[in-house]
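Colleague: Dumping the structure here so I can ask a few things about it.
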Amino acid sequence: MPRTQSRPSREDRPRRRSKKRSKIGCALIVVAVLLVLVLAGLGGAWWYMFEVADHDIAPGQPVAVEIPGGTSTAEIAEILSSAGVIENANRFRLESRRAEADSDLRAGEYELVTGMSYADVIDVLVAGPEIRYVTITIPEGFVIDQIAARFEEQAGIPAQEFLGLAHAGYAEFQREYLREAYEDSLEGYLFPKTYRVEDGSTARDVIEMMLDQFEIEMESVDIAPALERGFTLQEVVTMASIIEREAQLDVERPLVSSVIHNRLEIGMRLEIDATIEYVLPGNRFRLLNSDLEIESPYNTYRNAGLTPGPIASPGLTSLQAATAPADTDYIYYVLTGLDGSHTFTSNWQDFLTAKAKSKDVFGQ
């Protein structure tokens with residue numbers, strides 16, 4: 001009989017599936033290990049690129065930083081990192097991109113602190129640099145030279161630059177009322193006021209601002225009656241400038257204006273000291289007799305009518321007085337009060353009496 005072969009028991013069968021599972025498990029372990037290594041490598045790269053400080057500058061120190069115009073985000077990051085404001089330039093670029101702020105970072109000068117957070121720095125640069133102003137007061141009655149000197153002293157604007165533009169008139173500032181300005185001078189049109197001047201402003205900037213203010217102020221002046229009497233805008237400003245230099249008290253400006261109008265109407269020379277003082281060097285309380293003979297179109301002792309142009313920057317009260325003189329018959333006035341007040345008269349005899357009073361008060 002043939003030998004019967006018994007079937008192997010389950011325990012005696014080869015464990016093929018277990019070996020297969022073992023191989024898969026090993027592969028998974030290898031993959032896992034590789035993945036861990038890759039992640040560790042990526043983490044290390046991230047840490048090195050975005051977390052390691054670019055410098056060892058201590059935090060909390062104030063620092064001035066300038067961001068030039070046209071600077072890219074990468075260049076801004078390098079500037080900030082070099083100054084110690086941020087720790088890592090690459091991280092700043094990443095955070096700026098996340099905040100979608102790349103196109104909103106503004107150039108300028110900033111006062112920052114070392115060790116700031118990326119978010120805070122981005123907020124500051126998006127808001128832009130703090131605008132600094134200097135407050136400058138230009139008093140009524142200042143002439144161009146005085147205005148230029150004050151802007152140079154208080155705002156750092158070169159006086160020569162200012163004067164060059166202020167004597168260029170319509171060619172530089174094409175406003176219709178400047179077409180007929182005497183010798184292309186802006187004298188009289190640079191409105192006296194307290195201005196807030198932005199740091200870094202140029203001579204052109206402040207002149208434009210003062211001309212704008214002149215136009216704003218003139219809107220409150222009823223110039224129609226003066227135009228109806230045959231005066232031009234320049235003559236109104238010229239008259240106002242004379243009033244500004246002659247009258248110290250606002251209440252007297254319409255009275256001084258009436259004297260000027262009355263003299264012009266009867267063809268009498270104005271004979272006003274302030275017009276001569278405009279072309280004399282320095283300031284004198286009293287003119288000399290020889291001063292009255294100087295050859296100048298501004299000498300109203302020798303020339304009839306108004307001066308060819310303004311002699312100072314008049315304020316609003318003087319501009320209003322020039323167009324609305326008081327209704328008087330005065331043709332003389334004399335300084336008689338220590339408070340700057342005058343005595344006004346309509347005849348020669350009263351004028352002489354007022355002059356005697358002035359000598360008693362001032363001793364001259």
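Each chain of the structure tokens is named A, B, ... in the order shown, its residues numbered from 1; ligands are numbered from 1 in display order.
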At most 8 Å is the cut-off: for each residue in range 208-259 of chain A with any atom that close to an atom of range 138-155 of chain A, write down the nearest atom pair and the distance in Å rounded to one decimal, counting only C-alpha atoms, chain first then increasing number, as JSON lines.
Modeller:
{"residue": "A:Ser241", "atom": "CA", "partner": "A:Gly141", "partner_atom": "CA", "distance": 7.0}
{"residue": "A:Glu244", "atom": "CA", "partner": "A:Gly141", "partner_atom": "CA", "distance": 5.8}
{"residue": "A:Arg245", "atom": "CA", "partner": "A:Gly141", "partner_atom": "CA", "distance": 5.8}
Colleague: List the spatial neighbours of range 64-72 of chain A as a PDB file with N, CA and C atoms, in the first residue's frame - criterion: any atom at most 7 Å away, only C-alpha atoms, same-chain residues fewer than 3 positions off excluded.
Modeller:
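Printed below is part.pdb as written:
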ATOM      1  N   GLU A  75      15.192  95.170   1.710  1.00  0.00           N
ATOM      2  CA  GLU A  75      16.150  96.206   2.122  1.00  0.00           C
ATOM      3  C   GLU A  75      15.732  96.841   3.439  1.00  0.00           C
ATOM      4  N   ILE A  76      14.431  97.041   3.617  1.00  0.00           N
ATOM      5  CA  ILE A  76      13.931  97.571   4.894  1.00  0.00           C
ATOM      6  C   ILE A  76      14.276  96.616   6.024  1.00  0.00           C
ATOM      7  N   ALA A 107       8.391 105.169   3.597  1.00  0.00           N
ATOM      8  CA  ALA A 107       9.728 105.722   3.808  1.00  0.00           C
ATOM      9  C   ALA A 107       9.659 106.875   4.812  1.00  0.00           C
ATOM     10  N   GLY A 108      10.826 107.227   5.365  1.00  0.00           N
ATOM     11  CA  GLY A 108      10.892 108.355   6.288  1.00  0.00           C
ATOM     12  C   GLY A 108      11.851 108.098   7.428  1.00  0.00           C
ATOM     13  N   GLU A 109      11.886 109.040   8.344  1.00  0.00           N
ATOM     14  CA  GLU A 109      12.742 108.928   9.526  1.00  0.00           C
ATOM     15  C   GLU A 109      11.893 108.504  10.724  1.00  0.00           C
ATOM     16  N   TYR A 110      12.372 107.500  11.450  1.00  0.00           N
ATOM     17  CA  TYR A 110      11.611 106.939  12.563  1.00  0.00           C
ATOM     18  C   TYR A 110      12.460 106.921  13.835  1.00  0.00           C
ATOM     19  N   GLU A 111      11.795 107.149  14.959  1.00  0.00           N
ATOM     20  CA  GLU A 111      12.405 106.961  16.272  1.00  0.00           C
ATOM     21  C   GLU A 111      11.870 105.634  16.815  1.00  0.00           C
ATOM     22  N   LEU A 112      12.697 104.591  16.792  1.00  0.00           N
ATOM     23  CA  LEU A 112      12.274 103.256  17.193  1.00  0.00           C
ATOM     24  C   LEU A 112      13.071 102.783  18.403  1.00  0.00           C
TER      25      LEU A 112
END
Colleague: CA of Ala58 in chain A and CA of Glu87 in chain A, how far apart in Å?
Modeller: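 Taking CA of Glu87 in chain A as the start and CA of Ala58 in chain A as the end point, the length is 10.2 Å.
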Colleague: Choose the residue, out of A:Ile86, A:Glu161, A:Ala321, A:Met239, that has the smallest atom-to-atom separation from Asp222 in chain A; count only C-alpha atoms.
Modeller: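 Going through A:Ile86, A:Glu161, A:Ala321, A:Met239 one by one, the smallest distance to Asp222 in chain A is for A:Ala321.
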Colleague: As number ranges by chain, please: all residues of range 191-318 of chain A that backbone DSSP puts in alpha helix (DSSP H).
Modeller: A: 203-218, 224-228, 233-246, 253-266, 273-277, 316-318
Colleague: Give me the residues within 8 Å of range 348-361 of chain A as a list in words, counting only C-alpha atoms and dropping any in the same chain fewer than 4 places off.
Modeller: Tyr332, Tyr333, Val334, Leu335, Thr336, Gly337, Leu338, Thr343 and Phe344 of chain A
Colleague: Quick one, how far is CA of Ala312 in chain A from CA of Ala181 in chain A?
Modeller: 13.4 Å
Colleague: Quick one: pick out all strand (DSSP E) residues within range 95-185 of chain A from a backbone DSSP run and write them as a list in words.
Modeller: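 The residues of range 95-185 of chain A classed as strand (DSSP E) are Gly108, Glu109, Tyr110, Glu111, Leu112, Val113, Tyr133, Val134, Thr135, Ile136 and Thr137 of chain A.
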Colleague: Tell me which protein, DNA and RNA residues are within 6 Å of Asp104 in chain A, counting only C-alpha atoms, leaving out same-chain ones fewer than 2 positions away, and put them as a PyMOL selection string.
Modeller: chain A and resi 101-102+126
Colleague: Keeping only N, CA and C atoms, write the selected residues as a compact mmCIF listing (two decimals), in the first residue's frame.
Modeller:
# COMPACT_ATOMS: atom_id res chain seq x y z
N ALA A 101 1.52 93.66 3.99
CA ALA A 101 1.92 95.05 4.24
C ALA A 101 3.08 95.51 3.36
N ASP A 102 3.59 94.62 2.51
CA ASP A 102 4.79 94.97 1.73
C ASP A 102 4.66 96.29 0.98
N VAL A 126 3.71 101.12 8.54
CA VAL A 126 2.49 101.31 7.74
C VAL A 126 1.87 102.68 8.05
Colleague: Which residues are near Tyr298 in chain A? Cut-off 12 Å, only C-alpha atoms, ignore same chain within fewer than 5 positions. Put them as a ChimeraX atom specification.
Modeller: /A:182,238,242,269-280,291-293,303-311
Colleague: Save out the residues we just selected, N, CA and C atoms, as an mmCIF file, in the first residue's frame.
Modeller:
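Saved to result.cif:
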data_model
loop_
_atom_site.group_PDB
_atom_site.id
_atom_site.type_symbol
_atom_site.label_atom_id
_atom_site.label_comp_id
_atom_site.auth_asym_id
_atom_site.auth_seq_id
_atom_site.Cartn_x
_atom_site.Cartn_y
_atom_site.Cartn_z
ATOM 1 N N TYR A 182 5.160 144.944 -8.330
ATOM 2 C CA TYR A 182 6.258 145.863 -8.629
ATOM 3 C C TYR A 182 7.596 145.149 -8.534
ATOM 4 N N THR A 238 -0.927 147.922 -1.212
ATOM 5 C CA THR A 238 0.082 148.941 -0.924
ATOM 6 C C THR A 238 -0.413 149.890 0.158
ATOM 7 N N ILE A 242 1.017 150.501 4.113
ATOM 8 C CA ILE A 242 1.367 151.798 4.715
ATOM 9 C C ILE A 242 0.609 151.982 6.022
ATOM 10 N N ARG A 269 0.471 165.290 -1.488
ATOM 11 C CA ARG A 269 1.447 164.230 -1.257
ATOM 12 C C ARG A 269 1.211 163.582 0.111
ATOM 13 N N LEU A 270 1.477 162.302 0.153
ATOM 14 C CA LEU A 270 1.213 161.579 1.397
ATOM 15 C C LEU A 270 2.177 161.972 2.500
ATOM 16 N N GLU A 271 3.461 162.175 2.161
ATOM 17 C CA GLU A 271 4.483 162.581 3.135
ATOM 18 C C GLU A 271 4.443 161.688 4.382
ATOM 19 N N ILE A 272 4.547 160.403 4.161
ATOM 20 C CA ILE A 272 4.480 159.414 5.246
ATOM 21 C C ILE A 272 5.870 158.853 5.502
ATOM 22 N N ASP A 273 6.301 158.942 6.752
ATOM 23 C CA ASP A 273 7.660 158.531 7.117
ATOM 24 C C ASP A 273 7.934 157.058 6.806
ATOM 25 N N ALA A 274 6.951 156.210 7.023
ATOM 26 C CA ALA A 274 7.163 154.776 6.851
ATOM 27 C C ALA A 274 7.582 154.417 5.431
ATOM 28 N N THR A 275 7.169 155.207 4.454
ATOM 29 C CA THR A 275 7.537 154.899 3.071
ATOM 30 C C THR A 275 9.026 155.141 2.835
ATOM 31 N N ILE A 276 9.596 156.118 3.521
ATOM 32 C CA ILE A 276 11.036 156.380 3.400
ATOM 33 C C ILE A 276 11.821 155.366 4.227
ATOM 34 N N GLU A 277 11.304 155.039 5.391
ATOM 35 C CA GLU A 277 11.979 154.063 6.248
ATOM 36 C C GLU A 277 12.144 152.730 5.525
ATOM 37 N N TYR A 278 11.243 152.430 4.604
ATOM 38 C CA TYR A 278 11.297 151.166 3.871
ATOM 39 C C TYR A 278 12.591 151.026 3.069
ATOM 40 N N VAL A 279 13.122 152.121 2.581
ATOM 41 C CA VAL A 279 14.324 152.053 1.747
ATOM 42 C C VAL A 279 15.575 152.485 2.503
ATOM 43 N N LEU A 280 15.435 152.802 3.791
ATOM 44 C CA LEU A 280 16.591 153.177 4.595
ATOM 45 C C LEU A 280 17.108 151.971 5.368
ATOM 46 N N ASP A 291 16.877 162.760 4.993
ATOM 47 C CA ASP A 291 16.189 161.555 4.538
ATOM 48 C C ASP A 291 15.013 161.890 3.637
ATOM 49 N N LEU A 292 14.420 163.049 3.864
ATOM 50 C CA LEU A 292 13.242 163.427 3.099
ATOM 51 C C LEU A 292 13.563 163.770 1.651
ATOM 52 N N GLU A 293 14.839 163.882 1.350
ATOM 53 C CA GLU A 293 15.257 164.275 -0.004
ATOM 54 C C GLU A 293 15.813 163.123 -0.816
ATOM 55 N N ASN A 303 7.385 162.369 -4.122
ATOM 56 C CA ASN A 303 6.542 161.817 -5.185
ATOM 57 C C ASN A 303 5.078 161.795 -4.766
ATOM 58 N N ALA A 304 4.215 162.129 -5.708
ATOM 59 C CA ALA A 304 2.778 162.115 -5.435
ATOM 60 C C ALA A 304 2.247 160.689 -5.515
ATOM 61 N N GLY A 305 1.134 160.454 -4.851
ATOM 62 C CA GLY A 305 0.464 159.159 -4.930
ATOM 63 C C GLY A 305 1.065 158.106 -4.012
ATOM 64 N N LEU A 306 0.589 156.906 -4.193
ATOM 65 C CA LEU A 306 1.075 155.782 -3.399
ATOM 66 C C LEU A 306 2.469 155.365 -3.847
ATOM 67 N N THR A 307 3.119 154.577 -3.029
ATOM 68 C CA THR A 307 4.395 153.974 -3.434
ATOM 69 C C THR A 307 4.120 152.964 -4.549
ATOM 70 N N PRO A 308 5.118 152.614 -5.355
ATOM 71 C CA PRO A 308 4.874 151.707 -6.484
ATOM 72 C C PRO A 308 4.500 150.287 -6.071
ATOM 73 N N GLY A 309 4.749 149.937 -4.830
ATOM 74 C CA GLY A 309 4.399 148.613 -4.331
ATOM 75 C C GLY A 309 4.287 148.647 -2.822
ATOM 76 N N PRO A 310 3.819 147.570 -2.209
ATOM 77 C CA PRO A 310 3.691 147.513 -0.750
ATOM 78 C C PRO A 310 5.038 147.691 -0.060
ATOM 79 N N ILE A 311 4.974 148.136 1.182
ATOM 80 C CA ILE A 311 6.197 148.342 1.962
ATOM 81 C C ILE A 311 6.293 147.375 3.141
#
Colleague: Can you pull out the residues contacting Phe92 in chain A? Cut-off 10 Å, using only C-alpha atoms, and skip same-chain residues under 4 positions away; I want them as a PyMOL selection string.
Modeller: chain A and resi 50+73-74+76-78+80-81+86-88+96-98+117-119+121-122
Colleague: Which polymer residues have any atom within 7 Å of an atom of Ala240 in chain A, counting only C-alpha atoms, with same-chain residues fewer than 2 positions away left out, as a list in words?
Modeller: Val236, Val237, Thr238, Ile242, Ile243, Glu244, Pro314, Ser318, Leu319 and Ala322 of chain A
Colleague: Could you jot down the CA of Ile223 in chain A to CA of Arg263 in chain A separation for me, Å, one decimal place?
Modeller: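 Result for CA of Ile223 in chain A versus CA of Arg263 in chain A: 19.9 Å, one decimal.
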